[in-house]
>>> print(open('run17.csv').read())   # CSV, C-alpha atoms
chain,number,residue,atom,x,y,z
G,1,MET,CA,129.1,85.8,130.9
G,2,HIS,CA,127.1,88.0,133.3
G,3,ALA,CA,128.1,91.1,131.4
G,4,THR,CA,126.9,89.6,128.2
G,5,LEU,CA,123.6,88.6,129.9
G,6,ARG,CA,123.2,92.1,131.3
G,7,LEU,CA,123.9,93.6,127.9
G,8,THR,CA,121.4,91.3,126.2
G,9,LEU,CA,118.8,92.3,128.8
G,10,LEU,CA,119.5,95.9,128.4
G,11,LEU,CA,119.1,95.7,124.6
G,12,PHE,CA,115.9,93.8,125.1
G,13,LEU,CA,114.5,96.5,127.4
G,14,ILE,CA,115.5,99.3,125.0
G,15,THR,CA,113.8,97.4,122.1
G,16,LEU,CA,110.7,97.0,124.3
G,17,SER,CA,110.5,100.6,125.3
G,18,PHE,CA,111.0,101.8,121.7
G,19,GLY,CA,108.4,99.2,120.7
G,20,CYS,CA,105.9,100.7,123.1
G,21,ALA,CA,106.5,104.3,122.1
G,22,LYS,CA,105.7,103.6,118.4
G,23,ARG,CA,102.3,104.0,117.0
G,24,THR,CA,100.7,103.5,113.6
G,25,LEU,CA,98.1,105.9,112.2
G,26,VAL,CA,96.0,104.9,109.3
G,27,ALA,CA,93.7,107.4,107.5
G,28,LEU,CA,91.4,107.3,104.5
G,29,ALA,CA,91.1,110.2,102.1
G,30,PRO,CA,89.0,110.8,99.0
G,31,ASP,CA,90.5,109.7,95.7
G,32,PRO,CA,91.8,112.4,93.3
G,33,ASP,CA,88.4,112.1,91.6
G,34,GLY,CA,86.4,112.5,94.8
G,35,LYS,CA,85.3,109.0,95.5
G,36,VAL,CA,85.9,107.4,98.9
G,37,GLY,CA,87.0,103.8,99.1
G,38,SER,CA,87.4,101.7,102.2
G,39,VAL,CA,90.2,100.0,104.2
G,40,TYR,CA,90.3,97.4,106.9
G,41,VAL,CA,92.8,97.6,109.7
G,42,THR,CA,93.4,94.3,111.3
G,43,ASN,CA,95.7,92.8,113.9
G,44,GLU,CA,95.6,90.1,116.6
G,45,ALA,CA,93.1,92.1,118.7
G,46,GLY,CA,90.5,92.9,116.1
G,47,GLU,CA,89.5,94.8,112.9
G,48,VAL,CA,88.4,98.3,112.3
G,49,ALA,CA,86.9,99.6,109.0
G,50,LEU,CA,87.4,103.1,107.6
G,51,ASP,CA,84.9,104.1,105.0
G,52,ALA,CA,84.3,107.8,105.3
G,53,PRO,CA,86.6,110.7,104.2
G,54,TYR,CA,89.4,111.7,106.7
G,55,GLN,CA,88.5,108.9,109.1
G,56,ALA,CA,91.5,107.6,111.0
G,57,THR,CA,92.4,104.9,113.4
G,58,SER,CA,95.6,104.4,115.4
G,59,ILE,CA,97.3,101.3,116.7
G,60,GLY,CA,99.8,101.0,119.5
G,61,ALA,CA,100.6,97.3,119.4
G,62,THR,CA,99.7,94.1,117.5
G,63,ARG,CA,97.7,92.9,120.5
G,64,GLN,CA,95.9,96.2,121.0
G,65,ARG,CA,92.7,96.8,119.0
G,66,PRO,CA,92.8,99.6,116.5
G,67,THR,CA,91.1,102.7,118.0
G,68,LYS,CA,87.5,103.6,117.0
G,69,PRO,CA,87.5,105.5,113.7
G,70,GLU,CA,87.6,109.2,114.2
G,71,ASN,CA,87.2,112.0,111.7
G,72,LEU,CA,90.5,114.0,111.8
G,73,GLY,CA,89.4,116.4,109.2
G,74,ARG,CA,91.0,117.3,105.9
G,75,GLU,CA,93.4,119.9,107.3
G,76,LYS,CA,94.9,117.8,110.0
G,77,ILE,CA,95.5,114.9,107.6
G,78,ALA,CA,97.0,117.2,105.0
G,79,GLY,CA,99.3,118.5,107.7
G,80,ILE,CA,100.5,115.1,109.0
G,81,PHE,CA,101.2,113.9,105.4
G,82,ALA,CA,102.3,117.2,103.9
G,83,GLU,CA,105.7,116.0,102.7
G,84,ALA,CA,104.4,112.7,101.2
G,85,LEU,CA,101.5,114.5,99.5
G,86,SER,CA,103.8,117.3,98.2
G,87,ILE,CA,105.8,114.8,96.1
G,88,GLN,CA,102.9,112.6,94.9
G,89,PRO,CA,103.4,111.9,91.2
G,90,ALA,CA,100.6,112.7,88.8
G,91,ARG,CA,98.6,109.6,88.1
G,92,PRO,CA,99.7,107.8,84.9
G,93,ARG,CA,98.0,109.0,81.7
G,94,HIS,CA,95.7,106.2,80.4
G,95,PHE,CA,94.6,105.8,76.8
G,96,LEU,CA,92.1,103.3,75.4
G,97,LEU,CA,92.5,102.2,71.8
G,98,TYR,CA,89.7,100.1,70.2
G,99,PHE,CA,89.8,97.6,67.5
G,100,ASP,CA,87.3,96.9,64.6
G,101,ARG,CA,88.4,93.3,64.7
G,102,ASP,CA,91.6,91.3,65.1
G,103,VAL,CA,94.4,93.9,65.0
G,104,SER,CA,93.0,96.8,63.1
G,105,LEU,CA,92.5,100.0,65.1
G,106,THR,CA,89.2,101.9,64.7
G,107,SER,CA,89.8,105.2,62.9
G,108,GLU,CA,88.8,107.2,66.0
G,109,SER,CA,91.4,105.3,68.0
G,110,ALA,CA,94.1,105.9,65.4
G,111,GLU,CA,93.6,109.6,65.8
G,112,LEU,CA,94.5,109.3,69.5
G,113,LEU,CA,98.1,108.3,68.7
G,114,PRO,CA,99.5,111.9,68.5
G,115,GLY,CA,98.1,112.6,72.0
G,116,ILE,CA,99.9,109.5,73.4
G,117,ILE,CA,103.1,110.7,71.9
G,118,ALA,CA,102.5,114.2,73.4
G,119,ALA,CA,101.9,112.7,76.9
G,120,ILE,CA,105.1,110.6,76.7
G,121,ARG,CA,107.1,113.7,75.9
G,122,GLU,CA,105.3,115.9,78.5
G,123,ARG,CA,105.9,113.4,81.3
G,124,ASN,CA,109.3,112.5,80.2
G,125,SER,CA,108.2,109.0,80.5
G,126,ALA,CA,110.5,106.0,80.2
G,127,ASP,CA,107.9,103.5,81.4
G,128,ILE,CA,105.1,102.8,79.1
G,129,SER,CA,102.7,99.8,79.2
G,130,VAL,CA,100.9,98.6,76.2
G,131,VAL,CA,98.3,96.0,77.3
G,132,GLY,CA,96.2,94.0,75.0
G,133,HIS,CA,92.6,92.9,75.8
G,134,THR,CA,89.8,91.1,74.1
G,135,ASP,CA,86.1,90.5,74.6
G,136,THR,CA,85.0,87.1,75.9
G,137,VAL,CA,84.2,85.4,72.6
G,138,GLY,CA,86.4,82.3,72.2
G,139,SER,CA,88.8,80.3,74.4
G,140,ARG,CA,91.2,81.7,76.9
G,141,GLU,CA,94.2,80.6,74.8
G,142,TYR,CA,92.8,82.2,71.6
G,143,ASN,CA,92.1,85.5,73.4
G,144,THR,CA,95.5,85.6,75.1
G,145,GLU,CA,97.1,85.2,71.7
G,146,LEU,CA,94.9,87.8,70.1
G,147,SER,CA,95.5,90.3,72.9
G,148,LYS,CA,99.2,89.7,72.5
G,149,ARG,CA,99.0,90.6,68.8
G,150,ARG,CA,97.0,93.7,69.5
G,151,ALA,CA,99.5,94.9,72.0
G,152,ALA,CA,102.4,94.2,69.6
G,153,SER,CA,100.6,96.2,66.8
G,154,VAL,CA,100.2,99.2,69.0
G,155,ARG,CA,103.8,99.0,70.2
G,156,ASP,CA,105.0,99.0,66.5
G,157,LEU,CA,102.9,102.0,65.8
G,158,LEU,CA,104.4,103.9,68.7
G,159,VAL,CA,107.9,102.9,67.8
G,160,GLY,CA,107.2,104.0,64.3
G,161,LEU,CA,106.2,107.4,65.7
G,162,GLY,CA,109.6,107.7,67.5
G,163,VAL,CA,109.1,106.2,70.9
G,164,ALA,CA,112.1,104.3,72.1
G,165,ALA,CA,111.3,100.6,72.0
G,166,GLU,CA,113.1,99.8,75.3
G,167,THR,CA,110.7,102.1,77.2
G,168,ILE,CA,107.6,100.1,76.1
G,169,ARG,CA,106.5,96.9,77.8
G,170,THR,CA,103.8,94.9,76.1
G,171,THR,CA,101.6,92.5,78.0
G,172,SER,CA,98.4,90.7,77.3
G,173,HIS,CA,95.5,90.2,79.7
G,174,GLY,CA,93.4,88.1,77.3
G,175,LYS,CA,89.8,88.2,78.3
G,176,GLU,CA,90.5,88.3,82.0
G,177,ASN,CA,90.5,92.1,82.5
G,178,PRO,CA,87.4,93.4,80.7
G,179,LEU,CA,86.5,97.0,80.8
G,180,ILE,CA,82.8,96.0,80.7
G,181,PRO,CA,82.3,92.8,82.6
G,182,THR,CA,80.2,90.3,80.6
G,183,ALA,CA,79.3,86.7,80.6
G,184,ASP,CA,81.5,84.3,78.6
G,185,ASN,CA,81.2,84.4,74.8
G,186,VAL,CA,79.8,87.9,74.5
G,187,SER,CA,80.9,90.2,71.7
G,188,GLU,CA,81.6,93.6,73.3
G,189,PRO,CA,83.4,96.2,71.2
G,190,ARG,CA,84.5,98.1,74.3
G,191,ASN,CA,86.4,95.2,75.6
G,192,ARG,CA,88.4,94.7,72.3
G,193,ARG,CA,91.0,97.2,73.2
G,194,VAL,CA,94.6,98.1,74.0
G,195,GLU,CA,95.3,100.2,77.0
G,196,VAL,CA,98.3,102.4,76.9
G,197,ASP,CA,99.6,103.6,80.2
G,198,VAL,CA,102.1,106.4,80.3
G,199,ARG,CA,103.9,106.7,83.6
A,1,MET,CA,115.6,96.5,116.5
A,2,ARG,CA,112.7,94.6,115.0
A,3,ASN,CA,112.8,96.8,112.0
A,4,ILE,CA,116.4,96.0,111.3
A,5,PHE,CA,115.6,92.3,111.5
A,6,GLU,CA,112.7,92.8,109.1
A,7,VAL,CA,114.8,94.7,106.6
A,8,GLN,CA,117.5,92.0,106.8
A,9,PHE,CA,115.0,89.3,106.3
A,10,ALA,CA,113.7,91.1,103.2
A,11,ALA,CA,117.2,91.4,101.9
A,12,LEU,CA,117.9,87.7,102.5
A,13,PHE,CA,114.7,86.8,100.8
A,14,LEU,CA,115.7,88.7,97.8
A,15,ALA,CA,119.2,87.2,97.8
A,16,ALA,CA,117.6,83.8,97.9
A,17,SER,CA,115.3,84.5,95.0
A,18,LEU,CA,118.2,86.0,92.9
A,19,ALA,CA,120.2,82.9,93.7
A,20,GLN,CA,117.5,80.8,92.0
A,21,GLY,CA,118.1,82.8,88.9
A,22,ALA,CA,114.6,84.4,88.9
A,23,ALA,CA,115.1,87.1,86.3
A,24,ALA,CA,112.1,89.4,86.8
A,25,ASP,CA,110.6,92.4,85.2
A,26,HIS,CA,110.6,95.7,87.0
A,27,ILE,CA,107.4,96.3,88.9
A,28,GLY,CA,107.4,100.1,88.9
A,29,ILE,CA,109.6,103.2,88.8
A,30,ILE,CA,110.7,106.2,91.0
A,31,LYS,CA,108.8,109.0,89.3
A,32,THR,CA,109.5,112.0,91.6
A,33,LEU,CA,112.0,112.7,94.3
A,34,ALA,CA,113.7,115.4,96.4
A,35,GLY,CA,116.6,115.1,98.8
A,36,GLU,CA,118.2,111.9,99.8
A,37,VAL,CA,116.4,108.7,98.5
A,38,VAL,CA,118.1,105.3,98.5
A,39,VAL,CA,116.8,102.0,97.2
A,40,GLU,CA,118.1,98.9,99.0
A,41,ARG,CA,118.3,95.9,96.7
A,42,ALA,CA,119.9,92.6,97.7
A,43,GLY,CA,122.1,94.3,100.3
A,44,ARG,CA,123.2,97.0,97.9
A,45,PHE,CA,122.2,100.7,98.2
A,46,ILE,CA,121.3,102.5,95.0
A,47,LYS,CA,120.9,106.2,94.9
A,48,ALA,CA,117.5,106.9,93.5
A,49,GLU,CA,116.8,109.1,90.5
A,50,PRO,CA,113.7,109.7,88.3
A,51,ASN,CA,112.7,106.8,86.2
A,52,LEU,CA,114.8,104.3,88.2
A,53,LYS,CA,113.2,100.9,87.8
A,54,LEU,CA,112.0,99.2,90.9
A,55,TYR,CA,112.0,95.4,91.5
A,56,LEU,CA,110.3,93.0,93.9
A,57,ALA,CA,111.7,93.2,97.4
A,58,ASP,CA,113.2,96.6,96.9
A,59,VAL,CA,113.2,98.7,100.1
A,60,ILE,CA,112.9,102.4,99.4
A,61,ASN,CA,114.4,104.7,102.1
A,62,THR,CA,114.1,108.5,102.4
A,63,GLY,CA,116.6,110.5,104.4
A,64,ALA,CA,115.9,113.4,106.8
A,65,ASP,CA,115.3,115.7,103.8
A,66,GLY,CA,114.2,113.0,101.3
A,67,LYS,CA,110.8,112.4,99.8
A,68,THR,CA,109.8,110.4,96.7
A,69,GLY,CA,106.9,109.2,94.6
A,70,LEU,CA,106.6,105.8,92.9
A,71,ILE,CA,104.3,104.5,90.2
A,72,LEU,CA,103.8,100.7,90.0
A,73,GLU,CA,102.9,98.8,86.9
A,74,ASP,CA,99.2,98.5,87.9
A,75,ASP,CA,99.0,102.3,88.4
A,76,THR,CA,99.3,102.2,92.1
A,77,VAL,CA,100.8,105.6,93.2
A,78,ILE,CA,102.9,105.7,96.4
A,79,SER,CA,104.6,108.7,97.9
A,80,MET,CA,106.8,108.9,100.9
A,81,GLY,CA,107.7,111.7,103.3
A,82,PHE,CA,110.9,112.3,105.3
A,83,ASN,CA,112.7,109.5,107.1
A,84,SER,CA,110.5,106.8,105.7
A,85,SER,CA,111.2,103.2,104.8
A,86,LEU,CA,108.9,101.0,102.7
A,87,ALA,CA,109.4,97.5,101.1
A,88,LEU,CA,107.7,96.2,98.0
A,89,LYS,CA,107.1,92.6,99.3
A,90,SER,CA,104.8,91.1,96.7
A,91,PHE,CA,103.5,92.3,93.4
A,92,GLN,CA,101.7,90.2,90.8
A,93,PHE,CA,99.7,91.8,88.0
A,94,GLN,CA,98.9,89.1,85.5
A,95,PRO,CA,95.1,89.0,85.2
A,96,SER,CA,95.3,86.5,82.3
A,97,GLU,CA,96.9,84.0,84.6
A,98,LYS,CA,94.7,85.1,87.5
A,99,LYS,CA,97.8,86.1,89.4
A,100,LEU,CA,97.1,89.2,91.4
A,101,SER,CA,98.5,90.5,94.7
A,102,PHE,CA,100.2,93.5,96.2
A,103,ILE,CA,101.8,93.7,99.6
A,104,ALA,CA,103.9,96.6,100.8
A,105,ARG,CA,105.4,97.0,104.2
A,106,ILE,CA,106.0,100.4,105.8
A,107,TYR,CA,108.7,100.2,108.6
A,108,HIS,CA,108.6,103.8,109.6
A,109,GLY,CA,107.7,107.3,108.3
A,110,THR,CA,104.8,108.5,106.3
A,111,ALA,CA,103.3,107.2,103.0
A,112,SER,CA,100.4,107.9,100.8
A,113,PHE,CA,98.9,105.1,98.6
A,114,ILE,CA,96.5,105.4,95.8
A,115,SER,CA,95.5,101.9,94.8
A,116,GLY,CA,95.6,100.8,91.2
A,117,GLN,CA,94.2,98.0,89.0
A,118,ILE,CA,95.1,95.1,91.3
A,119,ALA,CA,92.8,96.6,94.0
A,120,LYS,CA,90.0,96.9,91.4
A,121,LEU,CA,90.4,93.3,90.2
A,122,ALA,CA,91.1,91.7,93.5
A,123,PRO,CA,90.2,94.0,96.4
A,124,SER,CA,91.0,91.4,99.0
A,125,LEU,CA,94.6,90.9,97.8
A,126,VAL,CA,96.0,94.3,98.4
A,127,HIS,CA,97.7,94.8,101.8
A,128,ILE,CA,99.9,97.2,103.5
A,129,GLU,CA,101.7,95.8,106.5
A,130,THR,CA,102.7,98.1,109.4
A,131,PRO,CA,104.5,97.1,112.6
A,132,HIS,CA,101.1,97.1,114.5
A,133,ALA,CA,98.5,96.0,112.0
A,134,THR,CA,97.8,95.1,108.4
A,135,VAL,CA,95.8,97.4,106.2
A,136,GLY,CA,93.5,95.8,103.6
A,137,VAL,CA,93.0,98.3,100.9
A,138,ARG,CA,89.8,98.0,98.9
A,139,GLY,CA,90.4,101.5,97.5
A,140,THR,CA,91.6,104.0,97.1
A,141,HIS,CA,93.6,106.7,98.9
A,142,VAL,CA,95.0,105.6,102.2
A,143,LEU,CA,97.6,107.4,104.3
A,144,ILE,CA,99.8,105.7,106.9
A,145,ARG,CA,102.2,107.0,109.5
A,146,VAL,CA,104.5,104.8,111.6
A,147,ASP,CA,106.3,106.8,114.3
>>> encode(input="run17.csv", output="structure tokens")
Amino acid sequence: MHATLRLTLLLFLITLSFGCAKRTLVALAPDPDGKVGSVYVTNEAGEVALDAPYQATSIGATRQRPTKPENLGREKIAGIFAEALSIQPARPRHFLLYFDRDVSLTSESAELLPGIIAAIRERNSADISVVGHTDTVGSREYNTELSKRRAASVRDLLVGLGVAAETIRTTSHGKENPLIPTADNVSEPRNRRVEVDVR
Amino acid sequence: MRNIFEVQFAALFLAASLAQGAAADHIGIIKTLAGEVVVERAGRFIKAEPNLKLYLADVINTGADGKTGLILEDDTVISMGFNSSLALKSFQFQPSEKKLSFIARIYHGTASFISGQIAKLAPSLVHIETPHATVGVRGTHVLIRVD
């Protein structure tokens, strides 16, 4: 009984000491296209915001406030995260196809299809999203249905061009994910679209 | 010790959701990898390979020489360095039903996150949990190391 108790206590102390040694480092870097976002680091003791490139904060315990943001510089961050950054996949290729009305592609958009096929081959992609969208004219139900039909029509075109159907997932975002935010019931050609994502 | 409990909890959680017959779509894929990378799913360990589909509650583990890059369905790009462990705890990307969320948890190691469309549509609903704090990601490129 005493032995068990001692063992439990020992394990507890080991856990505690490992717990104390651990630290978390959080850093912000510019996006691949140069923009800088922001992150909020929060725990029981407070919150710290990072909003400038290469700013970092470190945290030693949930009851210890994150340290004041400090600019670690590009090289130091690149060094700490060298392995993770070296295997970072290329961002998915994204294509926008527009519709005259209902499910007929504009002629400019139809010309993009060979480029989509090339991207699928080049990336050896087995994970392709085809997502239908509408503008805000009409009810939510109507637009969900229309965006579904748009996505299906593009899927059929891609399959017709030789893409394996099981690598394509179609979804519909209706009018809820507009490219150009508008008020309700606004006809906006740039929102009548299908987005193809090649991962 | 705590990490092990958390991993076990995630596994239990997944087992419970599978038991309810929740047949779910994949939420992302392994896109790049080198060395040893293993995906833990409902208590089973799956050797990762390119284009392996990832599901909710998967825990991705890299070995001493392992690193990997993932792409999720909303274009979030995550890459992990050596000896790293990360769980995909919550992922909802259905704007038409106003269901949006992404929560990952990093147990140890290094990871780079480039946020995707969920962060654009719902900036307050993207979180990365660490053992010491939660990181709210408004965008876009955040790097986290847990010793």
>>> closest_atom_pairs(input="run17.csv", of="chain A", to="chain G", cutoff="7 Å", atoms="only C-alpha atoms", output="Markdown table")
| residue | atom | partner | partner_atom | distance |
| --- | --- | --- | --- | --- |
| A:Met1 | CA | G:Thr15 | CA | 6.0 |
| A:Lys31 | CA | G:Pro89 | CA | 6.4 |
| A:Thr32 | CA | G:Pro89 | CA | 6.1 |
| A:Leu33 | CA | G:Ile87 | CA | 6.8 |
| A:Asn51 | CA | G:Ala126 | CA | 6.4 |
| A:Lys67 | CA | G:Ala84 | CA | 6.6 |
| A:Thr68 | CA | G:Ile87 | CA | 6.0 |
| A:Gly69 | CA | G:Gln88 | CA | 5.3 |
| A:Ile71 | CA | G:Arg199 | CA | 7.0 |
| A:Asp75 | CA | G:Pro92 | CA | 6.6 |
| A:Val77 | CA | G:Arg91 | CA | 6.8 |
| A:Ser79 | CA | G:Ala84 | CA | 5.2 |
| A:Met80 | CA | G:Ala84 | CA | 4.5 |
| A:Gly81 | CA | G:Ala84 | CA | 4.0 |
| A:Phe82 | CA | G:Glu83 | CA | 6.9 |
| A:Gln94 | CA | G:His173 | CA | 6.8 |
| A:Pro95 | CA | G:His173 | CA | 5.6 |
| A:Ser96 | CA | G:His173 | CA | 4.5 |
| A:Thr110 | CA | G:Phe81 | CA | 6.6 |
| A:Ala111 | CA | G:Ala84 | CA | 5.9 |
| A:Ser112 | CA | G:Ala84 | CA | 6.3 |
| A:His132 | CA | G:Thr62 | CA | 4.5 |
| A:Ala133 | CA | G:Asn43 | CA | 4.7 |
| A:Thr134 | CA | G:Thr42 | CA | 5.3 |
| A:Val135 | CA | G:Val41 | CA | 4.6 |
| A:Gly136 | CA | G:Tyr40 | CA | 4.9 |
| A:Val137 | CA | G:Val39 | CA | 4.6 |
| A:Arg138 | CA | G:Ser38 | CA | 5.5 |
| A:Gly139 | CA | G:Gly37 | CA | 4.4 |
| A:Thr140 | CA | G:Gly37 | CA | 5.0 |
| A:His141 | CA | G:Ala29 | CA | 5.4 |
| A:Val142 | CA | G:Leu28 | CA | 4.6 |
| A:Leu143 | CA | G:Ala27 | CA | 5.0 |
| A:Ile144 | CA | G:Val26 | CA | 4.6 |
| A:Arg145 | CA | G:Leu25 | CA | 5.0 |
| A:Val146 | CA | G:Thr24 | CA | 4.5 |
| A:Asp147 | CA | G:Lys22 | CA | 5.2 |
>>> residues_around(input="run17.csv", residues="segment 60-66 of chain A", least_positions_apart="2", cutoff="10 Å", atoms="only C-alpha atoms", output="ChimeraX atom specification")
/G:83-84 /A:30,33-41,45-48,54,57-58,68,70,80-88,106-109
>>> atom_distance(input="run17.csv", atom1="atom CA of Leu121 of chain A", atom2="atom CA of Leu100 of chain A")
7.9 Å
>>> atom_distance(input="run17.csv", atom1="atom CA of Arg192 of chain G", atom2="atom CA of Phe95 of chain G")
13.5 Å
>>> closest_residue(input="run17.csv", among="A:Ala104, A:Pro131, A:Asp25, A:Gln117", to="Ile78 of chain A", atoms="all atoms listed in the file")
A:Ala104
>>> atom_distance(input="run17.csv", atom1="atom CA of Thr67 of chain G", atom2="atom CA of Gly34 of chain G")
25.6 Å
>>> closest_residue(input="run17.csv", among="G:Leu146, G:Leu113, G:Val131, G:Ile120", to="Gly160 of chain G", atoms="only C-alpha atoms")
G:Leu113
>>> residues_around(input="run17.csv", residues="Leu96 of chain G", least_positions_apart="5", cutoff="7 Å", atoms="all atoms listed in the file", output="list in words")
Arg193, Val194, Glu195 and Val196 of chain G
>>> decode(input="run17.csv", residues="segment 33-44 of chain G", atoms="N, CA and C atoms", output="PDB file, in the first residue's frame")
ATOM      1  N   ASP G  33       1.645  35.515 -49.595  1.00  0.00           N
ATOM      2  CA  ASP G  33       1.511  36.688 -50.477  1.00  0.00           C
ATOM      3  C   ASP G  33       1.868  38.010 -49.779  1.00  0.00           C
ATOM      4  N   GLY G  34       2.518  37.920 -48.609  1.00  0.00           N
ATOM      5  CA  GLY G  34       3.095  39.105 -47.995  1.00  0.00           C
ATOM      6  C   GLY G  34       2.253  39.804 -46.936  1.00  0.00           C
ATOM      7  N   LYS G  35       0.965  39.456 -46.865  1.00  0.00           N
ATOM      8  CA  LYS G  35       0.107  40.099 -45.875  1.00  0.00           C
ATOM      9  C   LYS G  35       0.389  39.546 -44.480  1.00  0.00           C
ATOM     10  N   VAL G  36       0.096  40.347 -43.462  1.00  0.00           N
ATOM     11  CA  VAL G  36       0.289  39.867 -42.091  1.00  0.00           C
ATOM     12  C   VAL G  36      -1.057  39.854 -41.379  1.00  0.00           C
ATOM     13  N   GLY G  37      -1.426  38.727 -40.829  1.00  0.00           N
ATOM     14  CA  GLY G  37      -2.698  38.602 -40.118  1.00  0.00           C
ATOM     15  C   GLY G  37      -2.520  38.938 -38.650  1.00  0.00           C
ATOM     16  N   SER G  38      -3.296  38.273 -37.807  1.00  0.00           N
ATOM     17  CA  SER G  38      -3.119  38.462 -36.368  1.00  0.00           C
ATOM     18  C   SER G  38      -3.588  37.207 -35.642  1.00  0.00           C
ATOM     19  N   VAL G  39      -2.990  36.980 -34.482  1.00  0.00           N
ATOM     20  CA  VAL G  39      -3.428  35.870 -33.641  1.00  0.00           C
ATOM     21  C   VAL G  39      -3.538  36.346 -32.193  1.00  0.00           C
ATOM     22  N   TYR G  40      -4.389  35.676 -31.455  1.00  0.00           N
ATOM     23  CA  TYR G  40      -4.582  35.987 -30.042  1.00  0.00           C
ATOM     24  C   TYR G  40      -4.209  34.765 -29.238  1.00  0.00           C
ATOM     25  N   VAL G  41      -3.304  34.963 -28.284  1.00  0.00           N
ATOM     26  CA  VAL G  41      -2.847  33.850 -27.462  1.00  0.00           C
ATOM     27  C   VAL G  41      -3.443  34.036 -26.073  1.00  0.00           C
ATOM     28  N   THR G  42      -4.276  33.094 -25.661  1.00  0.00           N
ATOM     29  CA  THR G  42      -5.076  33.271 -24.458  1.00  0.00           C
ATOM     30  C   THR G  42      -4.925  32.087 -23.516  1.00  0.00           C
ATOM     31  N   ASN G  43      -4.814  32.365 -22.230  1.00  0.00           N
ATOM     32  CA  ASN G  43      -4.950  31.300 -21.229  1.00  0.00           C
ATOM     33  C   ASN G  43      -5.562  31.891 -19.973  1.00  0.00           C
ATOM     34  N   GLU G  44      -5.511  31.124 -18.887  1.00  0.00           N
ATOM     35  CA  GLU G  44      -6.180  31.563 -17.652  1.00  0.00           C
ATOM     36  C   GLU G  44      -5.640  32.887 -17.131  1.00  0.00           C
TER      37      GLU G  44
END
